[in-house]
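One file, query.csv, carrying CSV, C-alpha atoms and all ligand atoms:
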chain,number,residue,atom,x,y,z
A,1,MET,CA,119.0,86.9,86.0
A,2,ARG,CA,116.9,85.2,83.4
A,3,ALA,CA,114.6,87.3,81.2
A,4,GLY,CA,112.5,86.9,78.0
A,5,VAL,CA,114.2,89.4,75.7
A,6,TYR,CA,112.6,90.6,72.5
A,7,LYS,CA,115.1,90.1,69.6
A,8,GLY,CA,113.1,91.6,66.7
A,9,ASN,CA,111.2,89.8,64.0
A,10,SER,CA,108.6,88.4,66.4
A,11,LEU,CA,111.2,86.5,68.5
A,12,ILE,CA,111.5,86.3,72.2
A,13,GLN,CA,114.5,84.5,73.7
A,14,THR,CA,115.3,83.6,77.3
A,15,GLU,CA,118.6,85.1,78.1
A,16,GLU,CA,120.9,85.9,81.1
A,17,ILE,CA,121.0,89.7,81.6
A,18,PRO,CA,122.3,91.7,84.6
A,19,THR,CA,120.2,91.7,87.7
A,20,PRO,CA,119.2,95.3,88.6
A,21,ASN,CA,120.3,97.1,91.7
A,22,PRO,CA,118.1,99.8,93.2
A,23,GLY,CA,119.1,103.5,93.1
A,24,PRO,CA,118.4,105.6,96.2
A,25,ASN,CA,114.6,106.0,95.4
A,26,GLN,CA,114.1,102.7,93.7
A,27,ILE,CA,113.1,99.1,94.6
A,28,VAL,CA,113.8,95.8,93.0
A,29,VAL,CA,110.9,93.3,92.9
A,30,ARG,CA,111.4,89.5,92.7
A,31,VAL,CA,108.7,88.8,90.0
A,32,LYS,CA,106.6,85.7,90.9
A,33,TYR,CA,103.9,85.8,88.2
A,34,SER,CA,103.8,87.7,85.0
A,35,ALA,CA,100.6,87.5,83.0
A,36,ILE,CA,100.7,87.7,79.2
A,37,CYS,CA,98.8,90.7,77.8
A,38,GLY,CA,97.1,91.0,74.4
A,39,SER,CA,99.0,94.3,73.8
A,40,ASP,CA,102.3,92.5,74.3
A,41,VAL,CA,101.2,89.9,71.8
A,42,HIS,CA,100.3,92.6,69.3
A,43,GLY,CA,103.6,94.3,69.8
A,44,TRP,CA,105.4,91.0,69.1
A,45,GLN,CA,103.1,90.0,66.2
A,46,TYR,CA,103.6,93.4,64.4
A,47,ASP,CA,107.2,93.7,65.4
A,48,ALA,CA,106.6,97.1,67.1
A,49,VAL,CA,108.8,96.4,70.0
A,50,ALA,CA,112.4,97.7,70.4
A,51,PRO,CA,115.0,94.8,70.3
A,52,GLY,CA,116.4,94.3,73.8
A,53,HIS,CA,113.0,95.2,75.4
A,54,VAL,CA,111.7,92.9,78.1
A,55,LEU,CA,107.9,93.1,78.0
A,56,GLY,CA,105.5,92.2,80.8
A,57,HIS,CA,103.4,94.7,82.8
A,58,GLU,CA,100.9,92.4,84.5
A,59,PHE,CA,102.7,91.0,87.5
A,60,TYR,CA,102.9,90.1,91.1
A,61,GLY,CA,106.1,90.1,93.1
A,62,GLU,CA,107.8,90.6,96.4
A,63,ILE,CA,110.2,93.4,97.2
A,64,HIS,CA,113.8,92.0,97.0
A,65,SER,CA,115.9,95.1,97.7
A,66,ILE,CA,115.3,98.8,98.4
A,67,GLY,CA,117.3,101.9,97.8
A,68,SER,CA,118.9,104.0,100.6
A,69,ASN,CA,116.1,106.6,100.6
A,70,VAL,CA,113.2,104.2,100.5
A,71,SER,CA,111.1,104.3,103.6
A,72,LYS,CA,107.7,103.2,102.2
A,73,TRP,CA,108.7,99.6,101.6
A,74,LYS,CA,110.5,96.7,103.2
A,75,ILE,CA,111.9,93.5,101.9
A,76,GLY,CA,109.2,90.9,101.3
A,77,ASP,CA,106.3,93.3,100.8
A,78,ARG,CA,103.8,92.0,98.3
A,79,VAL,CA,103.3,94.4,95.3
A,80,THR,CA,102.0,94.9,91.8
A,81,GLY,CA,102.1,98.0,89.6
A,82,GLY,CA,99.7,100.9,89.7
A,83,GLY,CA,101.3,103.2,92.2
A,84,GLU,CA,100.6,106.9,92.2
A,85,PRO,CA,103.2,108.9,90.3
A,86,PRO,CA,104.4,112.3,91.4
A,87,PRO,CA,102.4,115.0,89.6
A,88,GLU,CA,105.3,115.9,87.3
A,89,LEU,CA,105.4,112.4,85.9
A,90,ASP,CA,101.8,112.1,84.8
A,91,ARG,CA,101.9,109.5,82.0
A,92,ASN,CA,99.7,111.4,79.7
A,93,LEU,CA,102.1,114.4,79.9
A,94,VAL,CA,105.1,112.1,79.3
A,95,ARG,CA,103.4,110.5,76.3
A,96,GLY,CA,102.3,113.8,74.8
A,97,PRO,CA,99.3,115.1,72.9
A,98,ARG,CA,99.9,113.2,69.7
A,99,PHE,CA,100.9,109.9,71.3
A,100,ASN,CA,100.7,106.9,68.9
A,101,PHE,CA,100.7,103.6,70.7
A,102,ARG,CA,101.6,101.6,67.6
A,103,THR,CA,104.7,103.5,66.6
A,104,GLN,CA,105.7,104.9,70.0
A,105,GLY,CA,104.3,102.5,72.6
A,106,MET,CA,107.0,99.9,72.9
A,107,THR,CA,110.0,101.5,71.1
A,108,ARG,CA,111.9,102.5,74.2
A,109,VAL,CA,114.1,99.6,75.6
A,110,GLU,CA,112.7,98.8,79.1
A,111,ILE,CA,113.2,95.8,81.3
A,112,LYS,CA,109.8,94.8,82.7
A,113,ALA,CA,108.2,91.7,84.1
A,114,TYR,CA,109.1,88.8,81.9
A,115,ALA,CA,112.2,88.6,84.1
A,116,GLU,CA,113.1,87.3,87.5
A,117,TYR,CA,113.7,90.8,88.9
A,118,MET,CA,112.3,94.2,88.0
A,119,LEU,CA,113.6,97.6,88.9
A,120,MET,CA,110.9,100.1,89.8
A,121,GLU,CA,110.7,103.6,91.2
A,122,GLU,CA,109.4,103.3,94.8
A,123,TRP,CA,106.2,105.2,93.9
A,124,ALA,CA,105.4,102.8,91.0
A,125,ALA,CA,104.4,99.9,93.2
A,126,LEU,CA,101.1,99.2,94.9
A,127,GLU,CA,100.7,97.1,98.0
A,128,VAL,CA,98.6,93.9,97.5
A,129,PRO,CA,96.1,93.3,100.2
A,130,ASN,CA,96.5,90.1,102.2
A,131,ALA,CA,93.2,88.7,101.1
A,132,VAL,CA,94.3,88.9,97.4
A,133,SER,CA,96.3,85.9,96.3
A,134,ASP,CA,99.6,86.1,94.3
A,135,GLU,CA,97.9,84.7,91.2
A,136,GLU,CA,95.0,87.2,91.5
A,137,ALA,CA,97.3,90.1,92.0
A,138,SER,CA,99.2,89.2,88.8
A,139,LEU,CA,95.9,90.2,87.0
A,140,ALA,CA,95.5,93.5,88.7
A,141,GLU,CA,96.5,95.4,85.5
A,142,PRO,CA,93.9,93.9,83.1
A,143,ILE,CA,91.4,94.3,85.9
A,144,SER,CA,92.3,98.0,86.2
A,145,ILE,CA,91.7,98.4,82.4
A,146,ALA,CA,88.2,97.1,82.9
A,147,VAL,CA,87.6,99.3,85.9
A,148,HIS,CA,88.9,102.3,83.9
A,149,ALA,CA,86.6,101.5,81.0
A,150,VAL,CA,83.5,101.2,83.2
A,151,ARG,CA,84.4,104.4,85.1
A,152,LYS,CA,84.9,106.4,81.9
A,153,SER,CA,81.6,105.1,80.4
A,154,ASN,CA,78.1,106.5,80.9
A,155,LEU,CA,77.0,103.2,82.6
A,156,LYS,CA,74.1,103.8,85.0
A,157,LEU,CA,72.5,101.5,87.5
A,158,GLY,CA,70.1,99.2,85.7
A,159,ASP,CA,71.6,99.6,82.2
A,160,THR,CA,71.7,96.9,79.5
A,161,VAL,CA,75.3,96.2,78.5
A,162,LEU,CA,76.7,94.3,75.6
A,163,ILE,CA,80.3,93.1,75.8
A,164,ILE,CA,81.8,91.9,72.5
A,165,GLY,CA,84.7,89.5,73.1
A,166,ALA,CA,85.2,87.5,76.3
A,167,GLY,CA,89.0,87.4,76.5
A,168,PRO,CA,90.5,88.5,79.8
A,169,ILE,CA,89.5,92.1,79.4
A,170,GLY,CA,86.0,91.2,78.3
A,171,LEU,CA,85.6,88.8,81.3
A,172,PHE,CA,86.7,91.6,83.7
A,173,CYS,CA,84.4,94.1,82.0
A,174,ILE,CA,81.5,91.8,82.6
A,175,GLN,CA,82.3,91.7,86.3
A,176,THR,CA,83.1,95.5,86.7
A,177,ALA,CA,80.0,96.4,84.8
A,178,LYS,CA,77.9,94.2,87.1
A,179,ALA,CA,79.7,95.7,90.1
A,180,ALA,CA,78.7,99.1,88.8
A,181,GLY,CA,75.1,98.1,88.6
A,182,ALA,CA,74.5,96.9,85.0
A,183,ARG,CA,71.3,94.8,85.1
A,184,ASN,CA,71.5,92.9,81.9
A,185,VAL,CA,74.9,91.9,80.7
A,186,ILE,CA,74.9,90.2,77.3
A,187,VAL,CA,78.1,88.7,75.9
A,188,SER,CA,79.0,87.9,72.3
A,189,GLU,CA,81.9,85.5,71.9
A,190,LEU,CA,82.9,82.9,69.3
A,191,ASN,CA,85.0,80.7,71.5
A,192,ASP,CA,83.3,78.0,73.6
A,193,SER,CA,85.6,78.1,76.6
A,194,ARG,CA,85.4,81.9,76.7
A,195,ARG,CA,81.6,81.8,76.6
A,196,THR,CA,81.7,79.2,79.5
A,197,ALA,CA,84.0,81.6,81.5
A,198,ALA,CA,81.6,84.5,80.7
A,199,LYS,CA,78.7,82.6,82.2
A,200,ALA,CA,80.8,81.6,85.2
A,201,VAL,CA,81.7,85.3,85.9
A,202,GLY,CA,78.1,86.4,85.8
A,203,ALA,CA,77.0,87.1,82.2
A,204,ASP,CA,73.2,87.1,82.0
A,205,HIS,CA,73.0,86.1,78.3
A,206,LEU,CA,75.5,84.6,75.8
A,207,ILE,CA,75.5,84.9,72.1
A,208,ASN,CA,77.6,82.8,69.8
A,209,PRO,CA,78.0,85.0,66.7
A,210,ASP,CA,79.1,82.0,64.7
A,211,SER,CA,75.8,80.2,65.0
A,212,GLU,CA,73.4,83.1,65.9
A,213,ASN,CA,72.8,86.5,64.4
A,214,LEU,CA,74.1,88.9,66.9
A,215,ASP,CA,71.6,91.6,66.0
A,216,ASP,CA,68.6,89.3,66.0
A,217,ARG,CA,69.5,87.9,69.4
A,218,LEU,CA,70.3,91.3,70.9
A,219,MET,CA,66.9,92.7,69.7
A,220,GLU,CA,65.2,89.6,71.3
A,221,LEU,CA,67.0,90.2,74.6
A,222,THR,CA,66.5,94.0,74.7
A,223,GLU,CA,62.9,94.4,73.5
A,224,GLY,CA,64.1,95.7,70.2
A,225,LYS,CA,66.2,98.6,71.7
A,226,GLY,CA,69.8,97.5,71.7
A,227,ALA,CA,72.4,98.1,74.4
A,228,ASP,CA,72.8,101.3,76.5
A,229,ILE,CA,76.5,100.7,76.6
A,230,VAL,CA,78.7,98.4,74.4
A,231,PHE,CA,82.2,97.5,75.5
A,232,GLU,CA,84.2,96.5,72.4
A,233,CYS,CA,86.7,94.0,73.8
A,234,ALA,CA,87.4,91.9,70.7
A,235,ALA,CA,89.2,94.1,68.2
A,236,ALA,CA,88.3,91.6,65.4
A,237,LYS,CA,87.6,92.9,61.9
A,238,PRO,CA,83.8,93.2,62.0
A,239,THR,CA,83.3,93.9,65.8
A,240,ILE,CA,83.7,97.7,65.9
A,241,ASP,CA,80.9,98.1,63.3
A,242,GLN,CA,78.9,95.5,65.2
A,243,ALA,CA,79.4,97.4,68.5
A,244,LEU,CA,78.2,100.7,66.9
A,245,ASP,CA,75.3,99.0,65.4
A,246,SER,CA,74.3,97.3,68.7
A,247,ALA,CA,74.0,100.6,70.6
A,248,THR,CA,70.5,102.0,71.3
A,249,ARG,CA,69.6,105.6,70.4
A,250,ASN,CA,72.0,107.9,72.3
A,251,GLY,CA,73.9,104.8,73.5
A,252,GLN,CA,77.6,104.6,74.0
A,253,VAL,CA,80.3,102.4,72.6
A,254,VAL,CA,83.5,102.1,74.6
A,255,LEU,CA,86.5,101.0,72.5
A,256,VAL,CA,88.5,98.9,75.0
A,257,ALA,CA,90.4,96.4,72.7
A,258,ILE,CA,93.0,97.9,70.4
A,259,PRO,CA,92.7,96.9,66.8
A,260,TRP,CA,96.1,96.9,65.0
A,261,THR,CA,94.7,96.6,61.5
A,262,PRO,CA,92.2,98.8,59.5
A,263,VAL,CA,88.6,98.0,60.1
A,264,SER,CA,85.6,98.9,58.0
A,265,ILE,CA,82.5,100.6,59.4
A,266,MET,CA,79.1,101.4,57.9
A,267,PRO,CA,78.0,104.7,59.6
A,268,VAL,CA,74.7,105.1,57.7
A,269,ASN,CA,73.4,102.0,59.6
A,270,TRP,CA,73.7,103.6,63.0
A,271,GLN,CA,74.8,107.3,62.7
A,272,ALA,CA,71.2,108.6,62.9
A,273,ARG,CA,70.9,107.2,66.5
A,274,GLU,CA,73.5,109.8,67.7
A,275,ILE,CA,75.7,107.2,69.3
A,276,GLU,CA,78.7,108.2,71.3
A,277,LEU,CA,82.0,106.4,70.7
A,278,ILE,CA,84.8,106.8,73.3
A,279,THR,CA,88.2,105.3,73.5
A,280,VAL,CA,90.0,104.2,76.6
A,281,PHE,CA,93.6,103.2,77.2
A,282,GLY,CA,95.4,101.9,80.2
A,283,ALA,CA,94.3,102.8,83.7
A,284,LYS,CA,94.8,105.3,86.5
A,285,PRO,CA,96.2,104.4,89.9
A,286,ILE,CA,92.7,104.7,91.4
A,287,ASP,CA,91.5,102.1,88.9
A,288,TRP,CA,94.2,99.7,90.1
A,289,ARG,CA,93.2,100.2,93.7
A,290,ILE,CA,89.5,99.7,93.0
A,291,GLY,CA,90.3,96.6,91.0
A,292,LEU,CA,92.2,95.1,94.0
A,293,GLU,CA,89.4,96.0,96.3
A,294,LEU,CA,86.8,94.3,94.0
A,295,ILE,CA,88.9,91.1,94.1
A,296,ARG,CA,89.2,91.4,97.9
A,297,ILE,CA,85.4,91.7,98.4
A,298,GLY,CA,84.6,89.0,95.9
A,299,LYS,CA,83.1,91.1,93.1
A,300,ILE,CA,85.8,89.9,90.7
A,301,ASN,CA,86.6,86.2,90.3
A,302,VAL,CA,89.7,85.3,88.3
A,303,SER,CA,89.4,81.6,88.7
A,304,PRO,CA,87.3,80.9,85.5
A,305,LEU,CA,90.2,82.4,83.5
A,306,ILE,CA,92.9,80.2,84.8
A,307,ASN,CA,93.6,76.5,85.2
A,308,GLU,CA,96.8,74.4,85.6
A,309,ALA,CA,97.7,74.9,82.0
A,310,SER,CA,97.7,78.7,82.3
A,311,PHE,CA,101.0,78.7,84.1
A,312,ILE,CA,104.0,78.5,81.8
A,313,GLN,CA,107.8,78.7,82.2
A,314,LEU,CA,109.8,81.7,80.9
A,315,ASP,CA,111.4,79.4,78.3
A,316,ASN,CA,107.9,78.9,76.7
A,317,LEU,CA,107.1,82.5,76.2
A,318,GLN,CA,107.8,82.5,72.4
A,319,GLU,CA,105.5,79.5,72.0
A,320,ALA,CA,102.8,81.1,74.2
A,321,PHE,CA,102.9,84.3,72.2
A,322,LYS,CA,102.5,82.3,69.0
A,323,THR,CA,99.4,80.5,70.5
A,324,LEU,CA,97.8,83.7,71.8
A,325,SER,CA,98.3,85.6,68.5
A,326,ASP,CA,95.5,83.4,67.2
A,327,PRO,CA,93.0,82.9,70.0
A,328,SER,CA,90.9,80.6,67.9
A,329,THR,CA,93.6,78.0,68.1
A,330,THR,CA,93.4,77.7,71.9
A,331,ASP,CA,91.0,77.1,74.7
A,332,GLN,CA,93.4,78.8,77.1
A,333,ILE,CA,92.0,82.2,78.1
A,334,GLN,CA,94.9,83.6,80.2
A,335,MET,CA,98.6,82.5,80.3
A,336,ILE,CA,100.8,83.5,83.1
A,337,VAL,CA,104.6,83.0,83.4
A,338,LYS,CA,105.6,81.5,86.7
A,339,LEU,CA,109.0,82.8,87.7
B,1,ZN,ZN,98.0,94.5,79.9

Kindly transcribe the structure held in the file into structure tokens.
Ligand SMILES: [Zn+2]
Amino acid sequence: MRAGVYKGNSLIQTEEIPTPNPGPNQIVVRVKYSAICGSDVHGWQYDAVAPGHVLGHEFYGEIHSIGSNVSKWKIGDRVTGGGEPPPELDRNLVRGPRFNFRTQGMTRVEIKAYAEYMLMEEWAALEVPNAVSDEEASLAEPISIAVHAVRKSNLKLGDTVLIIGAGPIGLFCIQTAKAAGARNVIVSELNDSRRTAAKAVGADHLINPDSENLDDRLMELTEGKGADIVFECAAAKPTIDQALDSATRNGQVVLVAIPWTPVSIMPVNWQAREIELITVFGAKPIDWRIGLELIRIGKINVSPLINEASFIQLDNLQEAFKTLSDPSTTDQIQMIVKL
């Protein structure tokens, strides 16, 4: 089968590698769409991926073959990730109490979804509802991240929410925060096409921090209070400090994006407001299921994130990673490999 193999030194090459066969409790999925995640781009950019690793964890596919003990699935079933692991395989236990995503996150060689076929344990797949399209299902993972972030936050019905950064995760945070009852969702984003998408998915107010002062605009929009909850979805140099400074007294900042470089903060500006900072990472199976359900009932709309140019070939993966490593160079919000 063909796969986009990480070779080291920020290089992905399309290669022919062996097509997997399922063991007794495994399935093989024919991957149809594999969306490119910011984390994969960071791993590539900072050369934190083991050579030989095939990245890709945002996918939709159909079951191609099943192992001899598999009774849950049949060939042709529509699946994505996010299945419920057996208790002994809890990811947090596997990853350990001192897990470091930068140095340990992508260092094991795995063959994932930038490939025509993917081997999975039978429990690891999740059925895609009929009303959810193939393309929508390929974004179930980033949607689950946003669901997880909102569910871990203190967000209450009627809250004012600031979302910094309107890439895919920020755009899904807008929609999940709204679904959870946020009243006033304010979005700060530099890129024009991302701001347009933010509007299209339901942002109440947009701020362009290039031409407007974020703090001044936020005070205008919140009667001088700031945001109850801030979702930091940008991971740009100044945005963590901006997020903390944007929270109201006893407000909360949820660090969703993952900065890979040191960032400076100025605690004296906001520390006296007793702000809570929490980090979130990944998602639980329940978050995946809620995400798929939100798509099904129309609370999440993926179409403002994608257009014809979003779909690329496996051979263009290296080029796409290069483009996405500097989002200011592109109007493309989401790229998806069509396999
Ligand atoms: Zn992802």

For ligand ZN 1 (chain B), the nearest of the candidates A:Pro168, A:Pro87, A:Gly67, A:Pro24, counting only C-alpha atoms and all ligand atoms: A:Pro168

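Neighbours of ligand ZN 1 (chain B) at a cut-off of 7 Å, computed so that all atoms listed in the file are counted, are the residues Cys37, Gly38, Ser39, His57, Glu58, Glu141 and Pro142 of chain A.
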
Against region 240-244 of chain A, which residues of region 100-189 of chain A fall within 12 Å? For each one I want the closest pair of atoms and the distance in Å (one decimal), counting all atoms listed in the file, rows by chain and increasing residue number, as CSV.
residue,atom,partner,partner_atom,distance
A:Val161,CA,A:Ala243,CA,10.9
A:Leu162,CA,A:Ala243,CA,8.2
A:Ile163,CA,A:Ala243,CA,8.5
A:Ile164,CA,A:Ala243,CA,7.2
A:Gly165,CA,A:Ala243,CA,10.6
A:Val187,CA,A:Ala243,CA,11.5
A:Ser188,CA,A:Ala243,CA,10.2

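Closest approach to Ala137 (chain A) among A:Ile312, A:Ile295, A:Leu214, A:Ala197 is made by A:Ile295 (distances from all atoms listed in the file).
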
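For the residues A:Asp331, A:Glu84, A:Asp245, A:Asp134, ranking by smallest atom-to-atom distance to Pro267 (chain A) using only C-alpha atoms places A:Asp245 first.
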
Show me as a PyMOL selection string the residues that reach within 9 Å of (112.1, 90.0, 102.1), counting all atoms listed in the file and using the file's own coordinates. chain A and resi 62-65+74-77

Go ahead and save the residues from that selection, with C-alpha atoms, as a compact mmCIF listing (two decimals), keeping the file's coordinate frame.
# COMPACT_ATOMS: atom_id res chain seq x y z
CA GLU A 62 107.80 90.60 96.40
CA ILE A 63 110.20 93.40 97.20
CA HIS A 64 113.80 92.00 97.00
CA SER A 65 115.90 95.10 97.70
CA LYS A 74 110.50 96.70 103.20
CA ILE A 75 111.90 93.50 101.90
CA GLY A 76 109.20 90.90 101.30
CA ASP A 77 106.30 93.30 100.80
